$ cat entry18.txt   # compact mmCIF, C-alpha atoms
# COMPACT_ATOMS: atom_id res chain seq x y z
CA MET A 1 -15.53 32.04 16.43
CA MET A 2 -12.23 31.44 14.58
CA MET A 3 -12.01 27.88 15.97
CA GLU A 4 -15.58 27.21 14.81
CA MET A 5 -14.75 28.58 11.35
CA ASP A 6 -11.63 26.36 11.13
CA LEU A 7 -13.72 23.34 12.10
CA LEU A 8 -16.29 24.11 9.43
CA THR A 9 -13.52 24.46 6.86
CA GLN A 10 -12.00 21.16 7.93
CA GLU A 11 -15.40 19.44 7.76
CA ARG A 12 -16.03 20.80 4.25
CA GLN A 13 -12.63 19.69 3.01
CA THR A 14 -13.04 16.25 4.53
CA TYR A 15 -16.38 15.95 2.74
CA ILE A 16 -14.82 17.14 -0.54
CA HIS A 17 -11.96 14.67 -0.20
CA LYS A 18 -14.37 11.79 0.36
CA CYS A 19 -16.39 12.83 -2.69
CA LEU A 20 -13.21 12.95 -4.73
CA GLN A 21 -12.17 9.46 -3.61
CA ARG A 22 -15.63 8.06 -4.28
CA GLU A 23 -16.46 9.75 -7.58
CA GLY A 24 -13.05 10.40 -9.14
CA ARG A 25 -13.73 14.12 -9.71
CA VAL A 26 -15.60 16.99 -8.05
CA ILE A 27 -17.38 19.97 -9.62
CA ALA A 28 -17.16 23.24 -7.68
CA ALA A 29 -20.72 24.36 -8.49
CA ASP A 30 -22.18 21.03 -7.36
CA LEU A 31 -20.22 21.11 -4.10
CA ALA A 32 -21.32 24.67 -3.42
CA GLU A 33 -24.95 23.63 -3.80
CA SER A 34 -24.55 20.50 -1.67
CA LEU A 35 -22.78 22.36 1.15
CA ASN A 36 -24.86 25.56 0.85
CA VAL A 37 -21.80 27.79 0.44
CA SER A 38 -20.53 30.02 -2.36
CA VAL A 39 -18.51 28.72 -5.28
CA ASP A 40 -15.70 31.04 -4.16
CA THR A 41 -15.61 29.23 -0.81
CA ILE A 42 -15.28 25.90 -2.57
CA ARG A 43 -12.53 27.27 -4.80
CA ARG A 44 -10.61 28.37 -1.69
CA ASP A 45 -11.08 24.90 -0.21
CA LEU A 46 -9.79 23.27 -3.40
CA ARG A 47 -6.84 25.65 -3.49
CA ASP A 48 -5.96 24.76 0.11
CA MET A 49 -6.36 21.04 -0.59
CA ALA A 50 -4.20 21.28 -3.71
CA SER A 51 -1.43 22.92 -1.69
CA LEU A 52 -1.50 19.86 0.59
CA GLY A 53 -1.36 17.46 -2.35
CA LEU A 54 -4.92 16.20 -1.78
CA CYS A 55 -6.23 17.14 -5.22
CA GLN A 56 -5.30 18.72 -8.53
CA ARG A 57 -7.37 21.74 -9.45
CA VAL A 58 -8.79 21.75 -12.97
CA TYR A 59 -11.27 23.98 -14.74
CA GLY A 60 -14.57 23.85 -12.84
CA GLY A 61 -13.41 21.57 -10.02
CA ALA A 62 -10.70 19.08 -9.10
CA LEU A 63 -9.31 15.62 -9.84
CA PRO A 64 -7.17 13.24 -7.80
CA PRO A 65 -3.51 14.24 -8.16
CA ALA A 66 -1.38 12.21 -10.55
CA PRO A 67 0.88 9.85 -8.60
CA LYS A 68 4.17 11.39 -7.54
CA GLU A 69 6.83 9.13 -8.91
CA ALA A 70 10.22 7.94 -7.73
CA ASN A 71 13.23 8.63 -9.91
CA PHE A 72 13.55 6.76 -13.18
CA LEU A 73 15.67 3.91 -11.80
CA GLY A 74 13.28 3.42 -8.89
CA ARG A 75 10.25 3.24 -11.20
CA GLN A 76 11.67 0.42 -13.30
CA SER A 77 10.89 -2.17 -10.63
CA ILE A 78 7.23 -1.11 -10.22
CA MET A 79 4.65 -3.38 -11.92
CA PRO A 80 7.05 -4.67 -14.62
CA GLU A 81 4.70 -7.45 -15.82
CA ARG A 82 1.90 -4.95 -16.45
CA LYS A 83 4.24 -2.70 -18.42
CA VAL A 84 5.35 -5.69 -20.51
CA ALA A 85 1.69 -6.43 -21.31
CA LEU A 86 1.11 -2.80 -22.35
CA ALA A 87 4.26 -2.93 -24.47
CA ALA A 88 3.09 -6.08 -26.28
CA ALA A 89 -0.18 -4.33 -27.23
CA THR A 90 1.64 -1.17 -28.32
CA ILE A 91 4.15 -2.69 -30.73
CA ASP A 92 1.31 -4.14 -32.82
CA PHE A 93 0.95 -0.62 -34.25
CA LEU A 94 4.56 -0.30 -35.38
CA GLN A 95 5.31 -0.92 -39.03
CA PRO A 96 8.66 -1.27 -40.81
CA GLY A 97 9.93 2.02 -42.21
CA MET A 98 8.23 4.20 -39.59
CA HIS A 99 9.88 7.16 -37.88
CA VAL A 100 8.75 6.97 -34.25
CA PHE A 101 9.23 9.31 -31.30
CA ILE A 102 9.53 7.27 -28.11
CA ASP A 103 9.33 9.56 -25.11
CA ALA A 104 10.83 8.86 -21.69
CA GLY A 105 9.20 6.57 -19.14
CA THR A 106 9.48 3.06 -17.77
CA THR A 107 6.44 1.84 -19.72
CA ASN A 108 8.00 3.30 -22.87
CA LEU A 109 11.27 1.57 -22.03
CA ALA A 110 9.34 -1.72 -21.93
CA ILE A 111 7.91 -0.81 -25.36
CA ALA A 112 11.40 -0.23 -26.77
CA GLN A 113 12.59 -3.54 -25.33
CA ALA A 114 9.65 -5.33 -27.00
CA ILE A 115 10.41 -4.05 -30.52
CA PRO A 116 11.49 -7.01 -32.70
CA GLY A 117 15.18 -6.93 -33.43
CA ASP A 118 14.64 -7.26 -37.17
CA MET A 119 12.07 -4.46 -37.52
CA ALA A 120 13.42 -1.56 -39.58
CA LEU A 121 12.46 1.60 -37.70
CA THR A 122 13.93 5.00 -37.04
CA VAL A 123 13.47 5.72 -33.35
CA LEU A 124 13.74 9.34 -32.20
CA THR A 125 14.15 9.56 -28.43
CA ASN A 126 15.21 11.92 -25.67
CA ALA A 127 15.78 8.99 -23.27
CA PRO A 128 19.29 7.44 -23.06
CA SER A 129 17.83 4.22 -21.62
CA ILE A 130 15.59 3.75 -24.67
CA ALA A 131 18.46 4.38 -27.06
CA ALA A 132 20.58 1.85 -25.14
CA ALA A 133 17.80 -0.76 -25.25
CA LEU A 134 17.85 -0.61 -29.07
CA LEU A 135 21.62 -0.76 -29.62
CA ASP A 136 21.53 -4.47 -30.53
CA HIS A 137 18.67 -3.99 -33.01
CA ASP A 138 20.62 -4.03 -36.27
CA ALA A 139 17.65 -2.91 -38.38
CA CYS A 140 16.78 0.02 -36.11
CA GLN A 141 18.19 3.49 -36.63
CA ILE A 142 18.44 5.60 -33.47
CA VAL A 143 18.37 9.39 -33.24
CA VAL A 144 19.13 10.69 -29.74
CA LEU A 145 17.77 14.14 -28.99
CA GLY A 146 20.19 16.42 -27.17
CA GLY A 147 19.91 18.58 -24.11
CA GLN A 148 20.52 18.29 -20.39
CA VAL A 149 19.32 14.98 -18.96
CA ASP A 150 16.95 15.24 -16.01
CA LYS A 151 17.80 12.20 -13.88
CA GLN A 152 14.38 12.18 -12.22
CA ILE A 153 12.68 11.90 -15.61
CA GLY A 154 15.44 9.87 -17.23
CA ALA A 155 15.53 12.03 -20.36
CA ALA A 156 16.76 15.22 -21.96
CA VAL A 157 14.38 18.15 -21.59
CA GLY A 158 14.57 21.87 -22.20
CA ALA A 159 14.77 24.35 -25.06
CA ARG A 160 17.49 22.49 -26.98
CA THR A 161 15.50 19.26 -26.91
CA VAL A 162 12.39 21.03 -28.18
CA ARG A 163 14.35 22.72 -30.99
CA GLU A 164 15.69 19.39 -32.19
CA ILE A 165 12.22 17.84 -32.12
CA GLU A 166 10.85 20.73 -34.18
CA ALA A 167 13.32 19.89 -36.97
CA LEU A 168 11.91 16.36 -37.34
CA ASN A 169 8.78 14.67 -38.66
CA ALA A 170 7.48 11.33 -37.43
CA ASP A 171 4.75 8.87 -38.26
CA LEU A 172 4.02 8.16 -34.60
CA ALA A 173 4.70 9.61 -31.15
CA ILE A 174 4.55 7.29 -28.16
CA LEU A 175 4.26 9.60 -25.17
CA GLY A 176 4.81 8.94 -21.52
CA THR A 177 2.35 10.71 -19.23
CA CYS A 178 1.91 11.37 -15.53
CA GLY A 179 -1.88 11.62 -15.64
CA PHE A 180 -4.84 11.33 -17.98
CA ASP A 181 -8.44 12.46 -17.73
CA VAL A 182 -10.99 12.61 -20.54
CA ILE A 183 -11.77 16.27 -19.90
CA ASN A 184 -8.25 17.56 -19.25
CA GLY A 185 -6.23 15.15 -21.38
CA LEU A 186 -2.60 14.16 -20.85
CA SER A 187 -0.57 15.96 -18.20
CA ALA A 188 2.95 16.03 -16.73
CA HIS A 189 4.54 17.01 -13.43
CA THR A 190 7.00 19.57 -14.84
CA LEU A 191 6.78 22.32 -17.42
CA GLU A 192 9.90 21.17 -19.26
CA GLU A 193 8.70 17.60 -19.82
CA SER A 194 5.25 18.80 -20.89
CA GLU A 195 6.85 21.02 -23.55
CA VAL A 196 8.97 18.15 -24.91
CA LYS A 197 5.98 15.80 -25.07
CA ARG A 198 3.81 18.42 -26.75
CA ALA A 199 6.51 19.11 -29.34
CA MET A 200 6.73 15.39 -30.16
CA ALA A 201 2.98 15.19 -30.62
CA MET A 202 2.93 18.25 -32.87
CA ARG A 203 5.58 16.76 -35.16
CA SER A 204 3.83 13.38 -35.53
CA ARG A 205 0.94 12.14 -37.64
CA VAL A 206 -0.45 10.03 -34.77
CA THR A 207 0.00 10.29 -31.01
CA MET A 208 -0.52 7.41 -28.60
CA ALA A 209 0.13 6.57 -24.96
CA ALA A 210 0.16 3.38 -22.90
CA LEU A 211 -1.29 3.99 -19.42
CA THR A 212 -1.04 2.03 -16.19
CA ASN A 213 -4.20 2.19 -14.10
CA ASP A 214 -2.74 4.60 -11.54
CA LYS A 215 -2.47 7.32 -14.22
CA LEU A 216 -6.15 7.14 -15.24
CA GLU A 217 -8.59 9.83 -14.11
CA THR A 218 -5.83 11.89 -12.50
CA ALA A 219 -4.19 15.19 -13.37
CA ALA A 220 -0.70 16.66 -12.96
CA ASN A 221 0.18 20.34 -12.97
CA TYR A 222 1.06 20.85 -16.64
CA ASN A 223 -1.19 19.95 -19.56
CA ILE A 224 0.38 18.22 -22.55
CA LEU A 225 -2.51 17.66 -24.96
CA PRO A 226 -6.31 17.63 -24.89
CA SER A 227 -7.86 14.17 -24.98
CA GLN A 228 -9.04 14.43 -28.58
CA ALA A 229 -5.48 15.10 -29.78
CA CYS A 230 -4.42 11.65 -28.61
CA GLY A 231 -5.26 9.22 -31.39
CA ARG A 232 -4.84 5.99 -29.47
CA LEU A 233 -4.65 4.86 -25.83
CA ILE A 234 -3.47 1.47 -24.59
CA LEU A 235 -4.99 0.52 -21.23
CA GLU A 236 -4.45 -2.34 -18.83
CA PHE A 237 -6.61 -5.46 -18.92
CA ASP A 238 -8.37 -4.46 -15.67
CA SER A 239 -8.71 -0.74 -16.35
CA PRO A 240 -12.00 0.73 -15.04
CA GLU A 241 -14.95 0.23 -17.37
CA PRO A 242 -16.29 3.80 -16.89
CA ALA A 243 -12.94 5.20 -18.04
CA ARG A 244 -13.04 2.95 -21.11
CA ARG A 245 -16.55 4.15 -21.99
CA ASP A 246 -15.59 7.81 -21.62
CA ILE A 247 -12.49 7.37 -23.78
CA SER A 248 -14.37 5.52 -26.50
CA ALA A 249 -17.11 8.18 -26.50
CA LEU A 250 -14.49 10.76 -27.52
CA GLY A 251 -13.62 8.77 -30.63
CA ILE A 252 -10.15 7.81 -29.36
CA ASP A 253 -8.91 4.44 -30.57
CA LEU A 254 -8.93 2.37 -27.38
CA VAL A 255 -6.89 -0.82 -27.05
CA VAL A 256 -6.95 -3.06 -23.97
CA ALA A 257 -3.80 -5.05 -23.25
CA ASN A 258 -3.86 -8.74 -22.42
CA ARG A 259 -3.74 -9.95 -18.85
CA PRO A 260 -0.11 -10.30 -17.68
CA ALA A 261 1.11 -13.85 -17.17
CA SER A 262 1.63 -13.22 -13.44
CA ALA A 263 -2.02 -12.13 -13.08
CA GLN A 264 -3.21 -15.24 -14.92
CA GLU A 265 -1.25 -17.48 -12.57
CA SER A 266 -2.81 -15.84 -9.51
CA ILE A 267 -6.41 -16.59 -10.54

$ encode --input "entry18.txt" --output "structure tokens"
Amino acid sequence: MMMEMDLLTQERQTYIHKCLQREGRVIAADLAESLNVSVDTIRRDLRDMASLGLCQRVYGGALPPAPKEANFLGRQSIMPERKVALAAATIDFLQPGMHVFIDAGTTNLAIAQAIPGDMALTVLTNAPSIAAALLDHDACQIVVLGGQVDKQIGAAVGARTVREIEALNADLAILGTCGFDVINGLSAHTLEESEVKRAMAMRSRVTMAALTNDKLETAANYNILPSQACGRLILEFDSPEPARRDISALGIDLVVANRPASAQESI
């Protein structure tokens, strides 16, 4: 009997995983009806699957897990042309005289590198790599936020970092994110980085994020902000059309980056 029960559980979870891959999200109540089991049974299945890294539980169901990332140095070599294209679209919204939080992340590093050398900005960052990328920008003032640097993230995080953010005001926050979904918003893999990102958003007039496709319609463990709190999203040229429609329907300013030069050459 126990072997039969285990087989039924495995069959259910295989079905749930296929639904998740096909549809991009699953709703516990719908699965319970489809499989003729209780919602509590589905919740147990989702909990077991989440412990194996097969999904990320969210209110009412589950999403694909946000991609687990290599350390900061390892991430710099992943899809650099796409990050450059996102950066080019992002800097169009920078204006001389702005105070701008630029959060950690390899896409955000590409954004910092794309800032014109003669643009007068004050950049507030917790990422040493972003500060270093702006050292030769004579018109740019740099404020480096203190705290212990997490080498995996490539930035300072923790209570000291949050305290320093809370003493500042900015026109714009450019956040890095591990996952984004229209229902659950921006999310991060660790509590400390989610707190830093949230603090930056709270001290800024406008919050924006540039997202590679692998971050879309996924969730990490720690929520940063609800979708509606993000004023602008920059997506890749080939981002999924359903995701674009859902984002636009929320009233978020949606910008689609140009096709990277490498992608144009491959057509």

$ residues_near_point --input "entry18.txt" --point "(-8.8, 18.9, -27.9)" --cutoff "12 Å" --atoms "only C-alpha atoms" --output "list in words"
Val182, Ile183, Asn184, Gly185, Leu186, Asn223, Ile224, Leu225, Pro226, Ser227, Gln228, Ala229, Cys230, Gly231, Leu250, Gly251 and Ile252 of chain A

$ atom_distance --input "entry18.txt" --atom1 "CA of Ser34 in chain A" --atom2 "CA of Leu46 in chain A"
15.1 Å

$ closest_residue --input "entry18.txt" --among "A:Lys215, A:Ser51, A:Arg244, A:Thr207" --to "Phe93 in chain A" --atoms "all atoms listed in the file"
A:Thr207

$ residues_around --input "entry18.txt" --residues "Ile111 in chain A" --least-positions-apart "2" --cutoff "12 Å" --atoms "only C-alpha atoms" --output "PyMOL selection string"
chain A and resi 80+82-94+100-109+113-116+123+129-131+133-134+174-176+209-211+234

$ write_last_selection --input "entry18.txt" --atoms "C-alpha atoms" --output "short mmCIF file (atom, residue, chain, number, x, y, z; two decimals), in the frame of the given file"
data_model
loop_
_atom_site.label_atom_id
_atom_site.label_comp_id
_atom_site.auth_asym_id
_atom_site.auth_seq_id
_atom_site.Cartn_x
_atom_site.Cartn_y
_atom_site.Cartn_z
CA PRO A 80 7.05 -4.67 -14.62
CA ARG A 82 1.90 -4.95 -16.45
CA LYS A 83 4.24 -2.70 -18.42
CA VAL A 84 5.35 -5.69 -20.51
CA ALA A 85 1.69 -6.43 -21.31
CA LEU A 86 1.11 -2.80 -22.35
CA ALA A 87 4.26 -2.93 -24.47
CA ALA A 88 3.09 -6.08 -26.28
CA ALA A 89 -0.18 -4.33 -27.23
CA THR A 90 1.64 -1.17 -28.32
CA ILE A 91 4.15 -2.69 -30.73
CA ASP A 92 1.31 -4.14 -32.82
CA PHE A 93 0.95 -0.62 -34.25
CA LEU A 94 4.56 -0.30 -35.38
CA VAL A 100 8.75 6.97 -34.25
CA PHE A 101 9.23 9.31 -31.30
CA ILE A 102 9.53 7.27 -28.11
CA ASP A 103 9.33 9.56 -25.11
CA ALA A 104 10.83 8.86 -21.69
CA GLY A 105 9.20 6.57 -19.14
CA THR A 106 9.48 3.06 -17.77
CA THR A 107 6.44 1.84 -19.72
CA ASN A 108 8.00 3.30 -22.87
CA LEU A 109 11.27 1.57 -22.03
CA GLN A 113 12.59 -3.54 -25.33
CA ALA A 114 9.65 -5.33 -27.00
CA ILE A 115 10.41 -4.05 -30.52
CA PRO A 116 11.49 -7.01 -32.70
CA VAL A 123 13.47 5.72 -33.35
CA SER A 129 17.83 4.22 -21.62
CA ILE A 130 15.59 3.75 -24.67
CA ALA A 131 18.46 4.38 -27.06
CA ALA A 133 17.80 -0.76 -25.25
CA LEU A 134 17.85 -0.61 -29.07
CA ILE A 174 4.55 7.29 -28.16
CA LEU A 175 4.26 9.60 -25.17
CA GLY A 176 4.81 8.94 -21.52
CA ALA A 209 0.13 6.57 -24.96
CA ALA A 210 0.16 3.38 -22.90
CA LEU A 211 -1.29 3.99 -19.42
CA ILE A 234 -3.47 1.47 -24.59
#

$ closest_residue --input "entry18.txt" --among "A:Arg12, A:Asp253, A:Leu168, A:Glu81" --to "Phe237 in chain A" --atoms "all atoms listed in the file"
A:Glu81

$ atom_distance --input "entry18.txt" --atom1 "CA of Ser204 in chain A" --atom2 "CA of Gly154 in chain A"
22.0 Å

$ atom_distance --input "entry18.txt" --atom1 "CA of Leu121 in chain A" --atom2 "CA of Ala139 in chain A"
6.9 Å

$ residues_near_point --input "entry18.txt" --point "(-4.6, 10.1, -12.4)" --cutoff "6 Å" --atoms "only C-alpha atoms" --output "JSON, numbers by chain"
{"A": [66, 179, 180, 214, 215, 216, 217, 218, 219]}

$ residues_around --input "entry18.txt" --residues "range 141-151 of chain A" --least-positions-apart "3" --cutoff "8 Å" --atoms "all atoms listed in the file" --output "list in words"
Asn71, Phe72, Ala120, Leu121, Thr122, Val123, Leu124, Thr125, Asn126, Ala127, Pro128, Ala131, Leu134, Asp138, Gly154, Ala155, Ala156, Val157, Gly158, Ala159, Arg160, Thr161, Glu164 and Ile165 of chain A

$ write_last_selection --input "entry18.txt" --atoms "C-alpha atoms" --output "compact mmCIF listing (two decimals), in the coordinates of the input"
# COMPACT_ATOMS: atom_id res chain seq x y z
CA ASN A 71 13.23 8.63 -9.91
CA PHE A 72 13.55 6.76 -13.18
CA ALA A 120 13.42 -1.56 -39.58
CA LEU A 121 12.46 1.60 -37.70
CA THR A 122 13.93 5.00 -37.04
CA VAL A 123 13.47 5.72 -33.35
CA LEU A 124 13.74 9.34 -32.20
CA THR A 125 14.15 9.56 -28.43
CA ASN A 126 15.21 11.92 -25.67
CA ALA A 127 15.78 8.99 -23.27
CA PRO A 128 19.29 7.44 -23.06
CA ALA A 131 18.46 4.38 -27.06
CA LEU A 134 17.85 -0.61 -29.07
CA ASP A 138 20.62 -4.03 -36.27
CA GLY A 154 15.44 9.87 -17.23
CA ALA A 155 15.53 12.03 -20.36
CA ALA A 156 16.76 15.22 -21.96
CA VAL A 157 14.38 18.15 -21.59
CA GLY A 158 14.57 21.87 -22.20
CA ALA A 159 14.77 24.35 -25.06
CA ARG A 160 17.49 22.49 -26.98
CA THR A 161 15.50 19.26 -26.91
CA GLU A 164 15.69 19.39 -32.19
CA ILE A 165 12.22 17.84 -32.12

$ residues_around --input "entry18.txt" --residues "Asp40 in chain A" --least-positions-apart "4" --cutoff "10 Å" --atoms "all atoms listed in the file" --output "PyMOL selection string"
chain A and resi 28-29+32+44-46

$ residues_around --input "entry18.txt" --residues "Val26 in chain A" --least-positions-apart "2" --cutoff "6 Å" --atoms "all atoms listed in the file" --output "PDB file with C-alpha atoms, in the frame of the given file"
ATOM      1  CA  LEU A  20     -13.210  12.950  -4.730  1.00  0.00           C
ATOM      2  CA  GLY A  61     -13.410  21.570 -10.020  1.00  0.00           C
ATOM      3  CA  ALA A  62     -10.700  19.080  -9.100  1.00  0.00           C
TER       4      ALA A  62
END
